[in-house]
Structure formats: C-alpha cells, structure tokens
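Trainee: The file below is final-v3.pdb, PDB, C-alpha atoms:
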MODEL        1
ATOM      1  CA  MET A   1      19.001   6.132 -44.562
ATOM      2  CA  GLU A   2      21.113   5.417 -41.455
ATOM      3  CA  VAL A   3      20.213   8.754 -39.895
ATOM      4  CA  ARG A   4      16.523   7.976 -40.229
ATOM      5  CA  ASP A   5      16.957   4.517 -38.722
ATOM      6  CA  SER A   6      18.924   5.818 -35.749
ATOM      7  CA  LYS A   7      16.332   8.558 -35.264
ATOM      8  CA  ASN A   8      13.531   5.978 -35.183
ATOM      9  CA  ILE A   9      15.470   3.838 -32.719
ATOM     10  CA  SER A  10      16.085   6.794 -30.400
ATOM     11  CA  HIS A  11      12.317   7.379 -30.198
ATOM     12  CA  GLU A  12      11.750   3.754 -29.262
ATOM     13  CA  ILE A  13      14.128   3.838 -26.290
ATOM     14  CA  ALA A  14      12.809   5.502 -23.166
ATOM     15  CA  SER A  15      14.994   8.301 -21.842
ATOM     16  CA  ALA A  16      17.745   7.445 -19.408
ATOM     17  CA  LYS A  17      16.138   9.688 -16.768
ATOM     18  CA  LEU A  18      12.838   7.836 -17.033
ATOM     19  CA  ARG A  19      14.551   4.461 -16.826
ATOM     20  CA  ARG A  20      16.552   5.543 -13.760
ATOM     21  CA  LEU A  21      13.404   6.906 -12.104
ATOM     22  CA  ALA A  22      11.528   3.666 -12.815
ATOM     23  CA  LEU A  23      14.401   1.578 -11.437
ATOM     24  CA  VAL A  24      14.649   3.661  -8.254
ATOM     25  CA  ALA A  25      10.852   3.546  -7.833
ATOM     26  CA  SER A  26      10.826  -0.223  -8.187
ATOM     27  CA  VAL A  27      13.685  -0.748  -5.719
ATOM     28  CA  VAL A  28      12.300   1.612  -3.057
ATOM     29  CA  THR A  29       8.826   0.161  -3.475
ATOM     30  CA  ALA A  30      10.208  -3.381  -3.255
ATOM     31  CA  ILE A  31      11.888  -2.541   0.044
ATOM     32  CA  ALA A  32       8.836  -0.761   1.460
ATOM     33  CA  GLY A  33       6.400  -3.404   0.258
ATOM     34  CA  SER A  34       8.438  -6.340   1.492
ATOM     35  CA  LEU A  35       8.591  -4.785   4.974
ATOM     36  CA  GLY A  36       4.837  -4.406   5.142
ATOM     37  CA  LEU A  37       3.522  -7.198   2.936
ATOM     38  CA  GLY A  38       6.220  -9.867   3.014
ATOM     39  CA  LEU A  39       8.785 -11.149   0.556
ATOM     40  CA  TYR A  40       6.206 -12.188  -2.034
ATOM     41  CA  PHE A  41       5.664  -8.506  -2.726
ATOM     42  CA  LEU A  42       9.063  -8.440  -4.455
ATOM     43  CA  ILE A  43       7.356  -9.995  -7.489
ATOM     44  CA  VAL A  44       5.262  -6.875  -8.169
ATOM     45  CA  PRO A  45       8.049  -4.297  -8.637
ATOM     46  CA  SER A  46      10.222  -6.822 -10.470
ATOM     47  CA  PHE A  47       8.131  -6.273 -13.630
ATOM     48  CA  LEU A  48       9.015  -2.580 -13.640
ATOM     49  CA  ALA A  49      12.684  -3.228 -12.866
ATOM     50  CA  LEU A  50      12.971  -5.944 -15.514
ATOM     51  CA  GLY A  51      11.249  -3.778 -18.114
ATOM     52  CA  THR A  52      13.550  -0.885 -17.263
ATOM     53  CA  LEU A  53      16.642  -3.032 -17.721
ATOM     54  CA  LEU A  54      15.412  -4.713 -20.928
ATOM     55  CA  GLN A  55      13.918  -1.655 -22.639
ATOM     56  CA  PRO A  56      17.086  -0.386 -24.397
ATOM     57  CA  TYR A  57      17.632  -3.812 -25.971
ATOM     58  CA  PHE A  58      14.078  -5.117 -26.463
ATOM     59  CA  HIS A  59      12.102  -1.924 -27.038
ATOM     60  CA  GLY A  60       8.546  -3.264 -27.208
ATOM     61  CA  ALA A  61       8.841  -5.964 -24.560
ATOM     62  CA  GLY A  62      10.716  -3.653 -22.195
ATOM     63  CA  ARG A  63       8.183  -0.868 -22.570
ATOM     64  CA  LEU A  64       5.311  -3.345 -22.054
ATOM     65  CA  LEU A  65       6.920  -4.672 -18.867
ATOM     66  CA  MET A  66       7.461  -1.104 -17.665
ATOM     67  CA  TRP A  67       3.768  -0.319 -18.177
ATOM     68  CA  ILE A  68       2.608  -3.569 -16.548
ATOM     69  CA  GLY A  69       4.939  -2.969 -13.606
ATOM     70  CA  SER A  70       3.792   0.618 -13.245
ATOM     71  CA  ILE A  71       0.115  -0.354 -13.264
ATOM     72  CA  LEU A  72       0.665  -3.185 -10.769
ATOM     73  CA  LEU A  73       2.676  -0.926  -8.469
ATOM     74  CA  SER A  74       0.025   1.761  -8.609
ATOM     75  CA  LEU A  75      -2.708  -0.735  -7.748
ATOM     76  CA  TRP A  76      -0.724  -2.089  -4.786
ATOM     77  CA  ILE A  77       1.064   0.966  -3.446
ATOM     78  CA  PHE A  78      -1.709   3.565  -3.465
ATOM     79  CA  PRO A  79      -4.004   1.711  -1.033
ATOM     80  CA  TYR A  80      -1.116   0.403   1.083
ATOM     81  CA  GLY A  81       0.871   3.640   1.088
ATOM     82  CA  LEU A  82      -2.087   5.900   1.732
ATOM     83  CA  GLY A  83      -3.347   3.549   4.450
ATOM     84  CA  THR A  84       0.054   3.605   6.108
ATOM     85  CA  LEU A  85       0.282   7.393   5.946
ATOM     86  CA  PHE A  86      -3.239   7.923   7.288
ATOM     87  CA  SER A  87      -2.677   5.500  10.169
ATOM     88  CA  TYR A  88       0.654   7.001  11.204
ATOM     89  CA  ARG A  89      -0.286   6.924  14.875
ATOM     90  CA  LEU A  90      -0.777   3.160  14.733
ATOM     91  CA  VAL A  91       2.415   2.549  12.758
ATOM     92  CA  ALA A  92       4.608   4.743  14.976
ATOM     93  CA  ARG A  93       7.720   3.903  12.945
ATOM     94  CA  VAL A  94       9.384   6.715  11.082
ATOM     95  CA  ASP A  95      11.246   4.381   8.713
ATOM     96  CA  VAL A  96       8.041   2.687   7.531
ATOM     97  CA  LEU A  97       6.293   6.030   7.108
ATOM     98  CA  GLY A  98       9.247   7.439   5.173
ATOM     99  CA  LEU A  99       9.409   4.441   2.851
ATOM    100  CA  ALA A 100       5.647   4.562   2.286
ATOM    101  CA  LEU A 101       5.817   8.253   1.414
ATOM    102  CA  ALA A 102       8.859   7.773  -0.820
ATOM    103  CA  SER A 103       7.142   4.876  -2.596
ATOM    104  CA  LEU A 104       4.027   6.913  -3.228
ATOM    105  CA  VAL A 105       5.948   9.885  -4.591
ATOM    106  CA  LEU A 106       8.237   7.772  -6.776
ATOM    107  CA  VAL A 107       5.399   5.689  -8.229
ATOM    108  CA  VAL A 108       3.409   8.847  -9.039
ATOM    109  CA  LEU A 109       6.459  10.419 -10.685
ATOM    110  CA  CYS A 110       7.110   7.218 -12.632
ATOM    111  CA  ASP A 111       3.491   7.067 -13.819
ATOM    112  CA  VAL A 112       3.613  10.702 -14.923
ATOM    113  CA  GLY A 113       6.943  10.118 -16.683
ATOM    114  CA  LEU A 114       5.595   7.087 -18.541
ATOM    115  CA  ALA A 115       2.498   9.038 -19.590
ATOM    116  CA  MET A 116       4.664  11.925 -20.838
ATOM    117  CA  ASP A 117       6.860   9.462 -22.724
ATOM    118  CA  LEU A 118       3.786   7.931 -24.345
ATOM    119  CA  ALA A 119       2.517  11.383 -25.373
ATOM    120  CA  ARG A 120       5.946  12.237 -26.820
ATOM    121  CA  ARG A 121       6.035   8.996 -28.801
ATOM    122  CA  LYS A 122       2.506   9.542 -30.137
ATOM    123  CA  ARG A 123       3.378  13.099 -31.147
ATOM    124  CA  THR A 124       6.524  12.050 -33.018
ATOM    125  CA  GLN A 125       4.693   9.181 -34.751
ATOM    126  CA  SER A 126       2.014  11.539 -36.046
ATOM    127  CA  VAL A 127       4.618  13.933 -37.484
TER     128      VAL A 127
ENDMDL
END
Represent the structure from my file as structure tokens, please.
Mentor:
Amino acid sequence: MEVRDSKNISHEIASAKLRRLALVASVVTAIAGSLGLGLYFLIVPSFLALGTLLQPYFHGAGRLLMWIGSILLSLWIFPYGLGTLFSYRLVARVDVLGLALASLVLVVLCDVGLAMDLARRKRTQSV
C-alpha cells in the first residue's frame, strides 16, 4: 500500500527540472519586464515562481499557480518580447535585447515543459 501511495505522490509533483526551468524563467522575465514595464511587472512572474516553490508541498495549488503564471507570462512577454526584438534598431541596447530574447525562449520552454508534464500526468492517470 505504501508503494502505491508514494507512486501516486511522485506523479503529482512536477519534475525538479521543470520546476527549476519555471523558476529561472520567472526570474529572468521579472528582470526583463521590470526594466521595460516598471516594477509593477514583478507581480506577473511571481505567480509562476510561487507555484514552483509551493508545488512539492501543495500539489494542486502549486500546479495551478504554475499554470496561471505561465499563461500570464505568455500573454505579457510574447507581445513585449517580440516587439522589442523587432524594433532592435530603436532599442539599441544589447542588454535589453538579450533579456527579451532570453525571456521569450525561457517562457516558450516552460510552456512546452508544462504541456509535456500535463500529457504525462494524463497518460499515467489513464493507465
């Protein structure tokens, strides 16, 4: 009985790699967004960071916060990041361009990782 319970718990916790990726994506995006959009932007990636930190202890709430944070970051970063990259001549700052590119790549990787985690969880629940 204990083996089954620990097996079920391990499927509820997101992998350590995914949690690290989500935390790095939220921190880099917080830095990039606060430079371009002000300090209030720190609220948006805090959902993803908080969900990442809470997920091993509060599985459902942590995963929900990770998804909310990922969706909010995608909605904010794609227009801002792509706009920054396409107007690189106007920006003329390599650090801002680098952070915008890093944010875009990390948020895309985080979204893909969360989608793969969801597919893995659905597959193991159906078995």
Trainee: Name every residue that the PyMOL selection byres ((chain A and resi 96) around 10) selects in this structure, writing the answer as a PyMOL selection string with chains first and numbers rising.
Mentor: chain A and resi 31-33+35-36+81+84-85+88+91-95+97-102
Trainee: Which is closer to A:Asp117 than all the others in A:Ala61, A:Met66, A:Leu72, A:Val28, using only C-alpha atoms?
Mentor: A:Met66
Trainee: Identify, on the basis of all atoms listed in the file, every residue whose closest approach to A:Ala14 does not exceed 9 Å; exclude the query and any residue fewer than 5 positions from it along the same chain; express the result as a VMD selection string.
Mentor: chain A and resid 19 52 55 to 56 59 63 114 117
Trainee: Return the single residue from A:Ser15, A:Ser34, A:Ser70, A:Ser46 that is closest to A:Leu109, with distances computed using all atoms listed in the file.
Mentor: A:Ser70
Trainee: Go ahead and compute the interatomic distance for atom CA of A:Ala16 and atom CA of A:Leu106, in Å to one decimal.
Mentor: 15.8 Å
Trainee: From the options A:Leu118, A:Gly113, A:Thr29, A:Tyr40, which residue's atoms come nearest to A:Ser74, counting all atoms listed in the file?
Mentor: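 Comparing A:Leu118, A:Gly113, A:Thr29, A:Tyr40 against A:Ser74, the winner is A:Thr29.
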